[in-house]
Every structure is written in structure tokens, then in C-alpha cells.
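Undergrad: Structure file coords.txt (compact mmCIF, C-alpha atoms (C1' of nucleotides)) is given on the next line.
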# COMPACT_ATOMS: atom_id res chain seq x y z
CA MET A 81 74.21 120.91 108.93
CA THR A 82 76.07 118.65 106.58
CA ASN A 83 79.75 117.88 106.74
CA ALA A 84 80.43 120.30 103.91
CA HIS A 85 78.70 123.07 105.84
CA THR A 86 80.90 122.46 108.86
CA ILE A 87 84.02 122.59 106.74
CA LEU A 88 82.83 125.77 105.06
CA SER A 89 82.32 127.36 108.46
CA ALA A 90 85.88 126.43 109.36
CA LEU A 91 87.09 127.89 106.07
CA GLY A 92 85.26 131.11 106.81
CA ASP A 93 87.85 132.50 109.20
CA PRO A 94 90.60 134.61 107.54
CA THR A 95 93.31 133.42 109.92
CA ARG A 96 92.48 129.80 109.20
CA GLN A 97 92.57 130.57 105.49
CA ALA A 98 96.03 132.06 105.98
CA ILE A 99 97.18 129.02 107.93
CA LEU A 100 95.99 126.69 105.19
CA ASP A 101 97.69 128.81 102.56
CA LEU A 102 100.93 128.55 104.51
CA LEU A 103 100.57 124.80 104.95
CA LEU A 104 100.10 124.53 101.22
CA GLU A 105 103.81 125.28 100.83
CA GLY A 106 104.55 122.21 102.88
CA PRO A 107 104.19 120.75 106.37
CA GLN A 108 105.18 123.13 109.16
CA PRO A 109 105.31 123.14 112.96
CA VAL A 110 103.06 125.41 114.99
CA GLY A 111 105.76 127.87 115.98
CA GLU A 112 106.81 128.36 112.39
CA LEU A 113 103.25 129.16 111.38
CA ALA A 114 102.83 131.58 114.27
CA ALA A 115 106.04 133.36 113.29
CA LEU A 116 104.64 133.96 109.82
CA LEU A 117 101.29 135.18 111.09
CA PRO A 118 100.19 138.31 112.97
CA VAL A 119 98.70 136.25 115.81
CA SER A 120 100.14 134.44 118.81
CA ARG A 121 101.12 130.79 118.91
CA PRO A 122 98.17 129.72 121.10
CA ALA A 123 95.82 131.32 118.59
CA VAL A 124 97.39 129.29 115.82
CA SER A 125 97.13 126.20 117.98
CA GLN A 126 93.42 126.75 118.48
CA HIS A 127 92.79 127.29 114.80
CA LEU A 128 94.73 124.14 114.00
CA LYS A 129 92.52 122.27 116.41
CA VAL A 130 89.44 123.41 114.52
CA LEU A 131 90.99 122.57 111.16
CA LYS A 132 91.95 119.16 112.47
CA GLU A 133 88.45 118.47 113.78
CA VAL A 134 86.91 119.05 110.39
CA GLY A 135 89.59 116.94 108.73
CA LEU A 136 91.37 119.65 106.76
CA VAL A 137 94.75 119.04 108.39
CA VAL A 138 96.56 116.18 110.08
CA ASP A 139 99.40 116.38 112.57
CA ARG A 140 102.46 114.35 113.30
CA GLN A 141 104.57 114.33 116.41
CA GLU A 142 108.19 114.99 115.56
CA GLY A 143 110.30 115.12 118.67
CA THR A 144 109.14 118.06 120.70
CA ARG A 145 107.56 119.65 117.67
CA ARG A 146 104.19 118.95 116.12
CA VAL A 147 104.14 119.19 112.36
CA TYR A 148 100.87 119.93 110.58
CA ARG A 149 100.05 119.38 106.94
CA VAL A 150 96.92 119.73 104.82
CA ASP A 151 94.94 116.59 104.15
CA PRO A 152 93.78 116.58 100.52
CA ALA A 153 91.04 114.08 101.37
CA GLY A 154 89.58 116.57 103.83
CA LEU A 155 88.66 118.84 100.97
CA ALA A 156 86.59 116.19 99.21
CA PRO A 157 83.26 117.00 100.90
CA VAL A 158 83.50 120.71 100.05
CA ARG A 159 84.49 120.01 96.49
CA ALA A 160 81.60 117.57 96.10
CA TYR A 161 79.20 120.03 97.72
CA LEU A 162 80.29 122.96 95.57
CA ASP A 163 80.16 120.87 92.42
CA ARG A 164 76.64 119.74 93.22
CA PHE A 165 75.76 123.29 94.18
CA TRP A 166 77.16 124.66 90.95
CA LYS A 167 75.29 122.17 88.78
CA GLN A 168 72.07 122.86 90.64
CA ALA A 169 72.59 126.59 90.29
CA MET A 170 73.01 126.14 86.57
CA VAL A 171 69.73 124.23 86.38
CA ALA A 172 67.93 126.91 88.38
CA PHE A 173 69.46 129.57 86.18
CA ALA A 174 68.39 127.84 82.98
CA GLN A 175 64.86 127.46 84.26
CA TYR A 176 64.78 131.07 85.35
CA ALA A 177 65.98 132.25 81.93
CA GLU A 178 63.23 130.17 80.40
CA ASP A 179 60.52 131.76 82.51
CA HIS A 180 61.97 135.24 82.05
CA PRO A 181 63.19 135.74 78.51
CA THR A 182 65.47 138.75 78.29
CA GLU A 183 63.71 142.04 77.63
CA GLU A 184 65.66 142.63 74.43
CA GLN A 185 65.06 139.38 72.57
CA HIS A 186 61.47 138.83 73.61
CA ARG A 187 58.54 141.03 74.44
CA MET B 198 92.61 138.65 100.91
CA THR B 199 91.72 137.32 97.52
CA ASN B 200 88.26 137.24 96.05
CA ALA B 201 87.93 133.55 96.86
CA HIS B 202 88.74 134.26 100.49
CA THR B 203 86.00 136.87 100.71
CA ILE B 204 83.49 134.48 99.22
CA LEU B 205 84.55 131.73 101.59
CA SER B 206 84.03 134.07 104.52
CA ALA B 207 80.53 134.78 103.25
CA LEU B 208 79.90 131.05 102.89
CA GLY B 209 81.02 130.52 106.46
CA ASP B 210 77.78 131.63 108.07
CA PRO B 211 75.20 128.84 108.61
CA THR B 212 72.23 131.10 107.92
CA ARG B 213 73.73 132.21 104.62
CA GLN B 214 74.37 128.58 103.75
CA ALA B 215 70.71 127.86 104.46
CA ILE B 216 69.60 130.81 102.32
CA LEU B 217 71.72 129.59 99.43
CA ASP B 218 70.38 126.08 99.80
CA LEU B 219 66.85 127.48 99.62
CA LEU B 220 67.65 129.61 96.61
CA LEU B 221 69.00 126.49 94.93
CA GLU B 222 65.41 125.28 94.57
CA GLY B 223 64.68 128.36 92.56
CA PRO B 224 64.45 132.17 92.80
CA GLN B 225 62.50 133.41 95.79
CA PRO B 226 61.50 136.75 97.33
CA VAL B 227 62.86 137.87 100.69
CA GLY B 228 59.66 137.26 102.63
CA GLU B 229 59.42 133.71 101.35
CA LEU B 230 62.95 132.97 102.46
CA ALA B 231 62.33 134.49 105.88
CA ALA B 232 59.20 132.37 106.30
CA LEU B 233 61.26 129.23 105.72
CA LEU B 234 64.02 130.26 108.10
CA PRO B 235 64.18 130.67 111.88
CA VAL B 236 65.26 134.30 111.59
CA SER B 237 63.47 137.56 110.91
CA ARG B 238 63.05 139.16 107.52
CA PRO B 239 65.56 141.97 108.15
CA ALA B 240 68.15 139.36 109.07
CA VAL B 241 67.58 137.62 105.76
CA SER B 242 67.78 140.94 104.02
CA GLN B 243 71.17 141.67 105.58
CA HIS B 244 72.50 138.26 104.65
CA LEU B 245 71.30 138.69 101.10
CA LYS B 246 73.16 141.99 100.99
CA VAL B 247 76.39 140.21 101.91
CA LEU B 248 75.79 137.42 99.42
CA LYS B 249 75.06 139.98 96.75
CA GLU B 250 78.23 141.94 97.50
CA VAL B 251 80.41 138.89 96.96
CA GLY B 252 78.50 138.00 93.80
CA LEU B 253 76.85 134.80 94.93
CA VAL B 254 73.33 136.05 94.29
CA VAL B 255 71.63 138.58 92.05
CA ASP B 256 68.29 140.27 92.59
CA ARG B 257 65.49 141.40 90.37
CA GLN B 258 62.72 143.83 91.14
CA GLU B 259 59.35 142.26 90.49
CA GLY B 260 56.56 144.63 91.38
CA THR B 261 56.75 145.26 95.09
CA ARG B 262 58.76 142.13 95.63
CA ARG B 263 62.47 141.57 95.17
CA VAL B 264 63.35 138.15 93.86
CA TYR B 265 66.81 136.74 94.55
CA ARG B 266 68.53 133.89 92.77
CA VAL B 267 71.94 132.28 92.93
CA ASP B 268 74.48 133.38 90.35
CA PRO B 269 76.43 130.35 89.12
CA ALA B 270 79.22 132.60 87.91
CA GLY B 271 79.71 133.86 91.43
CA LEU B 272 80.93 130.45 92.49
CA ALA B 273 83.69 130.37 89.90
CA PRO B 274 86.40 131.96 92.09
CA VAL B 275 85.83 129.51 94.94
CA ARG B 276 85.80 126.56 92.61
CA ALA B 277 89.01 127.70 90.97
CA TYR B 278 90.61 128.38 94.34
CA LEU B 279 89.63 125.00 95.79
CA ASP B 280 90.78 123.19 92.67
CA ARG B 281 94.15 124.90 92.83
CA PHE B 282 94.27 124.28 96.55
CA TRP B 283 93.47 120.61 96.12
CA LYS B 284 96.12 120.09 93.46
CA GLN B 285 98.71 121.89 95.57
CA ALA B 286 97.75 119.83 98.60
CA MET B 287 98.29 116.69 96.57
CA VAL B 288 101.75 117.87 95.57
CA ALA B 289 102.63 118.70 99.17
CA PHE B 290 101.33 115.34 100.26
CA ALA B 291 103.37 113.46 97.65
CA GLN B 292 106.51 115.34 98.64
CA TYR B 293 105.84 114.64 102.29
CA ALA B 294 105.38 110.93 101.65
CA GLU B 295 108.66 111.02 99.77
CA ASP B 296 110.52 112.55 102.69
CA HIS B 297 108.92 110.08 105.09
CA PRO B 298 108.96 106.68 103.37
CA THR B 299 108.17 104.75 106.54
CA GLU B 300 106.69 105.86 109.83
CA GLU B 301 109.69 104.72 111.91
CA GLN B 302 112.83 106.23 110.52
CA HIS B 303 113.75 108.81 113.10
CA ARG B 304 115.63 107.76 116.18
C1' DA C 268 44.81 160.11 98.15
C1' DC C 269 44.48 156.11 101.33
C1' DT C 270 45.84 151.50 102.17
C1' DT C 271 48.24 147.36 102.04
C1' DA C 272 52.21 144.57 100.96
C1' DC C 273 57.05 144.04 100.64
C1' DG C 274 61.69 145.04 101.58
C1' DG C 275 65.88 147.93 102.76
C1' DT C 276 68.04 150.57 106.56
C1' DA C 277 69.24 152.44 111.30
C1' DA C 278 70.05 151.63 115.90
C1' DG C 279 70.84 148.96 119.78
C1' DT C 280 71.44 144.37 122.13
C1' DC C 281 73.72 140.26 122.75
C1' DA C 282 76.27 136.04 121.98
C1' DT C 283 79.86 133.88 119.64
C1' DG C 284 84.50 133.22 119.01
C1' DA C 285 89.13 135.10 118.17
C1' DC C 286 92.83 136.50 120.88
C1' DG C 287 96.81 136.94 124.43
C1' DA C 288 98.76 135.79 129.07
C1' DA C 289 99.78 132.28 132.09
C1' DC C 290 100.24 127.62 133.09
C1' DG C 291 101.39 122.67 132.67
C1' DC C 292 103.16 118.75 130.13
C1' DA C 293 106.19 115.96 127.09
C1' DC C 294 110.35 115.47 124.81
C1' DA C 295 115.41 115.86 123.96
C1' DC C 296 119.94 116.64 125.49
C1' DA C 297 123.56 117.54 128.86
C1' DT D 89 118.11 115.21 137.14
C1' DG D 90 118.14 119.66 135.54
C1' DT D 91 117.36 122.77 131.59
C1' DG D 92 115.44 124.44 127.53
C1' DT D 93 112.19 124.02 123.79
C1' DG D 94 107.82 123.39 121.59
C1' DC D 95 102.67 122.85 122.14
C1' DG D 96 98.23 122.24 124.05
C1' DT D 97 94.88 124.14 127.28
C1' DT D 98 92.55 127.17 130.37
C1' DC D 99 90.78 131.50 131.40
C1' DG D 100 89.40 136.09 131.00
C1' DT D 101 88.89 140.01 127.74
C1' DC D 102 87.22 142.15 123.87
C1' DA D 103 85.53 142.96 119.23
C1' DT D 104 82.99 141.35 115.46
C1' DG D 105 78.75 140.44 113.52
C1' DA D 106 74.19 138.16 113.76
C1' DC D 107 69.82 139.40 115.27
C1' DT D 108 65.41 142.07 116.43
C1' DT D 109 62.64 146.22 116.74
C1' DA D 110 61.25 150.22 114.72
C1' DC D 111 61.04 153.13 110.94
C1' DC D 112 60.91 154.71 106.07
C1' DG D 113 60.50 154.29 101.01
C1' DT D 114 58.26 152.24 97.06
C1' DA D 115 54.97 149.80 94.29
C1' DA D 116 50.43 148.24 93.24
C1' DG D 117 45.27 148.14 94.34
C1' DT D 118 40.99 150.53 95.88
What would you get if you wrote out this structure as C-alpha cells?

TA:
Amino acid sequence: MTNAHTILSALGDPTRQAILDLLLEGPQPVGELAALLPVSRPAVSQHLKVLKEVGLVVDRQEGTRRVYRVDPAGLAPVRAYLDRFWKQAMVAFAQYAEDHPTEEQHR
Amino acid sequence: MTNAHTILSALGDPTRQAILDLLLEGPQPVGELAALLPVSRPAVSQHLKVLKEVGLVVDRQEGTRRVYRVDPAGLAPVRAYLDRFWKQAMVAFAQYAEDHPTEEQHR
DNA sequence: ACTTACGGTAAGTCATGACGAACGCACACA
DNA sequence: TGTGTGCGTTCGTCATGACTTACCGTAAGT
């Protein structure tokens, strides 16, 4: 399981997707995120832990609050993986089209 | 839940990631995929159903066999989403760095 | 028609993980 | 030092979904 795969697994959860979408607006503390989401604060905390482990977010202690923000660098592996994947898919597609000419243009 | 979110959820499963990686080598029938994976053929079949529903793969009847291949176009939404996400994350990061010039400014 | 190969589907089991309640800790301020 | 706030963590519960077994349909070949 590559790094990109781990990140993709983390991105698979809808709640984590929602958290990331919220953090995209700007850095926010845990309580603020929980208030905007249909889940409890501990749930948000656990999701943030996962996101932090895979490098998608970073946190910063600010008094009694802990502010999270997305880490652009954390997305690099997924972007690289998907780009490589996309190129490879195109190659496979081209080769497939070569072996199987469309029914209309060739017989 | 946008289209990109649905696709990301589909990409979250390790077995589906493995199936896609295998299909990247070229189109393959279900049995072939199952032989290369540590799961049963029905399991592969169910995963392929999910991947097909989100548009990541397409299938083609070939005699008694059903050949699956990755659909490059199916990746477009995720790529677009991640690109937008990345750009937005950069903006948020820049703004954050602006608000916090040095690490020790708060009393 | 029988047989074999291949794959989708139904049903049931089981493990993963998402979740909330309760608790403890650190920080800020009086 | 006491009080309140904000979070992380632990623990137990519960639902989702990944998986296998069994079955059925379909497409060639004999």
C-alpha cells in the first residue's frame, strides 16, 4: 500500500471530506468544525487525527484551542498518483482501441 | 455529496485500489482479476459494480467473459476536484502565513 | 440437448470503523 | 487556587460494507 493509497483511504470517508471542505475556507478550531457538522466534537477530533497522520492537515496550539488547517503539500502524493494513473489509463485505452476498432468504422 | 466525493469514496477501499491498479496494465476479465487478488470472484464482481457505477471502469461482453477496463474520463471529476482543492489550500495557506508572520507573536 | 466456463446476484456472516458519553488534562483568567 | 473552556482519549455500541457460499443465467463447444 503506497502513501497515495493511504491518503485515498483517508479521503474515502464522507465526514472527513466535509471537514476538509470546511478547512478549505480557512483554519478553524475543532469546536467550530463540530458545530458546523452533524457529528460530535470527539468524532471530529478522531477524524482530524486520521487526517493529520496521513499529512493532509496540520495543527497549531492557540491558547486553549487547537487550530487545524489543510496542508497543501499533503495532497502532493495523491495528485502525483492520480496523474500517473490518468496517463497510464490513457495508454491502456489507446492500446485497447487499437486492438478493438469500433464496430462502425471497421469490420 | 458531489460526484468527486462519491468517486473518492469508491477509491477509498484497498481492494478497489488494487483492482484499478491491475486494470491499469490492461483490460482483464473478472476471473483473471480474482486470480490475482486475495479475494473471491464474487467479491471482485461486487467491487467492479461499484467502480462501474461511479464511472471509473467500463465493461465489454466478450463471449462468455466480461472484460473490464479503466475509463480515463471517469477520473476527470476527481482530478478537477483535487486541482481546485489544491489551489484553494494554497490560498488558505498564504492567507494564514500572512496572519501569522512569525511563530511567536501572541502573548 | 448436455456440458463446461464465466460471471452476476442473493443471502448471511463478520469485522472494521464511525460515533457518542464520560473522563482527564492543559491553558487562561479571576 | 478555583473556575471555565477547549480538546484529546478511552470505551462500549452499533451500523455499514466487505466477504464467502450457494445459486442462477448465459454463451460457446460437443

Undergrad: Cα-based RMSD, chain A fitted onto chain B, all atoms paired in sequence order: value?

TA: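 C-alpha RMSD, chain A fitted to chain B: 1.7 Å.
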
Undergrad: Give me, as a PyMOL selection string, the residues of chain B touching chain A, with the criterion being at most 10 Å (counting all atoms listed in the file).

TA: chain B and resi 198+202-211+214-215+217-218+220-224+266-273+275-276+279-280+282-290+292-293+303-304

Undergrad: Should the cut-off be 8 Å, what would the residue list for chain C against chain A look like, counting all atoms listed in the file, as JSON, numbers by chain?

TA: {"C": [285, 286, 287, 293, 294, 295]}

Undergrad: Rounded to one decimal in Å, what is the spacing between atom CA of B:Leu219 and atom CA of B:Ala277?

TA: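 We find that atom CA of B:Leu219 and atom CA of B:Ala277 lie 23.8 Å from each other.
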
Undergrad: Using all atoms listed in the file, which of the listed residues (D:DG113, D:DC107, D:DT101, D:DG94) sits closest to chain B?

TA: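 Of D:DG113, D:DC107, D:DT101, D:DG94, the one nearest chain B, counting all atoms listed in the file, is D:DC107.
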
Undergrad: Please, which residues of chain D lie no more than 10 Å from chain A when the count uses all atoms listed in the file, and can they be set out as a list in words?

TA: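 So the contacting residues turn out to be DT93, DG94, DC95, DG96 and DT97 of chain D.
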
Undergrad: Output as JSON the centre and edge lengths (Å, one decimal) of the box along x, y and z of the file that holds every listed atom of stretch 96-115 of chain D after adding 5 Å on each side.

TA:
{"center_x": 76.6, "center_y": 138.5, "center_z": 112.8, "size_x": 53.3, "size_y": 42.5, "size_z": 47.1}

Undergrad: What does the distance from atom CA of B:Glu229 to atom CA of B:Lys249 come to in Å, to one decimal?

TA: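 These two atoms are separated by 17.5 Å.
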
Undergrad: At what distance in Å, to one decimal, does atom CA of B:Asn200 lie from atom CA of B:Tyr278?

TA: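 If I compute the distance from atom CA of B:Tyr278 to atom CA of B:Asn200, I get 9.3 Å.
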
Undergrad: Please supply stretch 269-289 of chain B, rebuilt with N, CA, C and O atoms, as a tab-separated table (two decimals), keeping the file's coordinate frame.

TA:
chain	number	residue	atom	x	y	z
B	269	PRO	N	75.43	131.42	89.29
B	269	PRO	CA	76.43	130.35	89.12
B	269	PRO	C	77.83	130.91	88.91
B	269	PRO	O	78.80	130.36	89.41
B	270	ALA	N	77.91	132.01	88.19
B	270	ALA	CA	79.22	132.60	87.91
B	270	ALA	C	79.92	133.06	89.18
B	270	ALA	O	81.14	133.08	89.25
B	271	GLY	N	79.13	133.39	90.19
B	271	GLY	CA	79.71	133.86	91.43
B	271	GLY	C	80.50	132.80	92.16
B	271	GLY	O	81.36	133.11	92.99
B	272	LEU	N	80.22	131.55	91.84
B	272	LEU	CA	80.93	130.45	92.49
B	272	LEU	C	82.27	130.16	91.85
B	272	LEU	O	83.11	129.48	92.45
B	273	ALA	N	82.48	130.67	90.66
B	273	ALA	CA	83.69	130.37	89.90
B	273	ALA	C	84.98	130.58	90.70
B	273	ALA	O	85.83	129.68	90.72
B	274	PRO	N	85.16	131.74	91.34
B	274	PRO	CA	86.40	131.96	92.09
B	274	PRO	C	86.67	130.91	93.15
B	274	PRO	O	87.80	130.46	93.31
B	275	VAL	N	85.64	130.52	93.89
B	275	VAL	CA	85.83	129.51	94.94
B	275	VAL	C	86.19	128.17	94.33
B	275	VAL	O	87.07	127.47	94.83
B	276	ARG	N	85.50	127.83	93.28
B	276	ARG	CA	85.80	126.56	92.61
B	276	ARG	C	87.24	126.54	92.11
B	276	ARG	O	87.96	125.57	92.30
B	277	ALA	N	87.64	127.61	91.49
B	277	ALA	CA	89.01	127.70	90.97
B	277	ALA	C	90.01	127.63	92.12
B	277	ALA	O	91.03	126.92	92.03
B	278	TYR	N	89.70	128.35	93.18
B	278	TYR	CA	90.61	128.38	94.34
B	278	TYR	C	90.74	126.99	94.96
B	278	TYR	O	91.86	126.52	95.21
B	279	LEU	N	89.60	126.32	95.17
B	279	LEU	CA	89.63	125.00	95.79
B	279	LEU	C	90.32	123.98	94.90
B	279	LEU	O	91.02	123.09	95.39
B	280	ASP	N	90.11	124.10	93.60
B	280	ASP	CA	90.78	123.19	92.67
B	280	ASP	C	92.29	123.36	92.76
B	280	ASP	O	93.05	122.40	92.87
B	281	ARG	N	92.73	124.62	92.73
B	281	ARG	CA	94.15	124.90	92.83
B	281	ARG	C	94.68	124.41	94.18
B	281	ARG	O	95.74	123.80	94.28
B	282	PHE	N	93.89	124.69	95.20
B	282	PHE	CA	94.27	124.28	96.55
B	282	PHE	C	94.42	122.77	96.63
B	282	PHE	O	95.40	122.25	97.19
B	283	TRP	N	93.47	122.07	96.06
B	283	TRP	CA	93.47	120.61	96.12
B	283	TRP	C	94.70	120.05	95.41
B	283	TRP	O	95.39	119.18	95.94
B	284	LYS	N	94.96	120.56	94.22
B	284	LYS	CA	96.12	120.09	93.46
B	284	LYS	C	97.40	120.33	94.25
B	284	LYS	O	98.26	119.46	94.37
B	285	GLN	N	97.53	121.52	94.79
B	285	GLN	CA	98.71	121.89	95.57
B	285	GLN	C	98.85	121.00	96.79
B	285	GLN	O	99.96	120.58	97.14
B	286	ALA	N	97.72	120.69	97.42
B	286	ALA	CA	97.75	119.83	98.60
B	286	ALA	C	98.23	118.44	98.22
B	286	ALA	O	98.97	117.79	98.99
B	287	MET	N	97.85	117.99	97.05
B	287	MET	CA	98.29	116.69	96.57
B	287	MET	C	99.80	116.68	96.37
B	287	MET	O	100.49	115.72	96.72
B	288	VAL	N	100.31	117.74	95.79
B	288	VAL	CA	101.75	117.87	95.57
B	288	VAL	C	102.49	117.84	96.90
B	288	VAL	O	103.46	117.10	97.07
B	289	ALA	N	101.99	118.65	97.85
B	289	ALA	CA	102.63	118.70	99.17
B	289	ALA	C	102.58	117.34	99.85
B	289	ALA	O	103.54	116.92	100.49
